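Notes to accompany the following structure.
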Amino acid sequence: MGFLAEVLGRPAHERRADSTARIGWIPGLHLRNLYGGGGDVSGDRAFDAAPVASVDEERKWRAVLARDAGFDGAMVFAVRSTGIYCRPSCPSRRPHRQHVVFFPRPEAAEGAGFRPCRRCRPRGASPAQGQAAWVEGVCRRLAAPGEERPRLADLGAELGLSPHHLQRTFKRLMGITPRQYADAVRLGVFRTRLRKGSDVTAAVYDAGYGSGSRVYEGAAARLGMTPGAYRKGGKGMRIAYTLVASPLGRLLVAATERGISSVCLGDADAALEATLRAEYPAAEVRRDDAGLAPWVSGVLQRMEGRAPAAELPVDLRATAFQRRVWEELKAIPRGQTRSYGEIARRIGQPTAARAVARACATNPVALVIPCHRVVAGGGGVGGYRWGVERKRRLLEREAAATRRGRQ
């Protein structure tokens, strides 16, 4: 089963934006809002005819009010006063809350005596599911090995769509354009070939690049070094690091000559050092406590919730999507938080909340880019690469420092 099919087979509200792992290189590339019906089914295909548990009802009611197609296939809502049930995105007028009951599947609603809506037809595939199916096909075409990248006009003609409509829908569901997706896959192949020891020229043509010059253009930004250095596991690259105690455990700060490239939190020095060396096993990695002391001081200031004395330079490899998210995170004031959905809306991609979450999870410089200030929309703290308890304590420290500053 392909990675898109696996994602589409899950309830929309439980999907994880894991296309990154399958493509193998681009943390900013994510499936988002690919709607599909799996329903709340566990084990076999049996279902409970009882309504969905009330613990999630307010969340589901908000989805109904918003006509959130992301919940299509994950539940249906029924209206007692009419005896009809609908999908969450149904365009009909919203009923009063006291008349609404939720079910995990259409069969459950019908087992309780409700009839399907003739307008939204909740038993069939939603329009969004149809779009997700052809987006999956486009992704397969763009990722097919040994083929020239198809033109947008040709893809549109195959699907009976205009190039504009194809690109707009693809970007809405995937967060990037078809061309960006194809470039992501191609660079992923190139990176994999280099890591397996292929020479640069062979990797260039295996990945489908027309010439080596196109690869070297911007290679430092995308790979963090030249392709030749990347192939050698970072050989010739110098990385300095230091390890210090912090209020949240052991702190590792690493940097190139350009700026900070890694900030990690943990419990054991050995594990932190192993994480640093894993990406570039042939790089020259050395400890430099004195040389990195000023930057460590800046990181610790942020950990205490204090305003930093100066901006810290960073040297990061990132996709365009990641950079947009990370810049938005840096704009969140100390002592405040934003939800993943709010960040998605601020960068102009309101359905990209899960992609935003993944960009936060892959942030290599904790605290310098304050991904801990992004929390779950339902009021929870949300996940954190370095542990939820550390995230909670960071937020508490920043809130306390902000209150002290106002006194």
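If you're wondering about the labels, chains in the structure tokens are A, B, ... by order shown, residues count from 1 in each chain, ligands from 1 in order shown.
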
Exercise for review: Step one, run DSSP on the backbone; step two, keep only residues of stretch 70-122 of chain A assigned to helix (DSSP H, G or I); then write them as an MDAnalysis selection string.
Suggested key: chainID A and resid 70:71 97:99 106:111

Exercise for review: Enumerate the residues of stretch 315-380 of chain A with a DSSP assignment of strand (DSSP E or B), computed from the backbone, and present them as a list in words.
Suggested key: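 Those residues are Arg338, Ser339, Val365, Ala366, Ile369, Val374 and Val375 of chain A.
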
Check your understanding: What is the atom CA of A:Asp289-atom CA of A:Arg306 distance in Å, reported with one decimal?
Key ->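 Taking atom CA of A:Asp289 as the start and atom CA of A:Arg306 as the end point, the length is 22.5 Å.
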
**Study point:** Pick from A:Gly83, A:Pro333, A:Gly298, A:Pro350 nearest to A:Met174, counting only C-alpha atoms
**Key:**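 Among the listed residues, A:Pro350 lies closest to A:Met174.
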
**Study point:** Residue neighbourhood A:Ala143, 10 Å, only C-alpha atoms, exclusion window fewer than 5 positions, as a list in words
**Key:** Ile23, Gly137, Val138, Arg149, Tyr181, Ala182, Asp183, Ala184, Val185, Arg186 and Val189 of chain A

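For stretch 256-266 of chain A, the non-local neighbours within 6 Å, defined as residues at least 2 positions apart in the same chain or in other chains and counting only C-alpha atoms, are Ile239, Gly249, Arg250, Leu251, Leu252, Val253, Ala254, Ala268, Pro313, Val314, Asp315, Leu316, Pro364, Val365, Ala366 and Trp386 of chain A.
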
Practice item. Using only C-alpha atoms, determine which residues lie at most 10 Å from stretch 387-389 of chain A, disregarding the query and same-chain residues fewer than 5 positions distant; provide the list as a PyMOL selection string. Key: chain A and resi 248+265-266+372+381-382+394-395

Practice item. For A:Val76, list every protein, DNA or RNA residue within 12 Å, evaluated using only C-alpha atoms, and leave out those in the same chain fewer than 4 positions away; present the list as a ChimeraX atom specification. Key: /A:37,39-40,51-52,57,60-61,63-64,67-72,84-90,100-110,114-117,120-123

Check your understanding: How many Å separate atom CA of A:Pro281 from atom CA of A:Ala293?
Key ->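 Separation of atom CA of A:Pro281 and atom CA of A:Ala293: 24.5 Å.
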
Exercise for review: Tell me which protein, DNA and RNA residues are within 9 Å of A:Leu166, counting only C-alpha atoms, leaving out same-chain ones fewer than 6 positions away, and put them as a count of residues only.
Suggested key: 6

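For the set A:Ser297, A:Gln349, A:Thr275, A:Asn363, the residue with the smallest atom-to-atom gap to A:Arg317 is A:Asn363, counting only C-alpha atoms.
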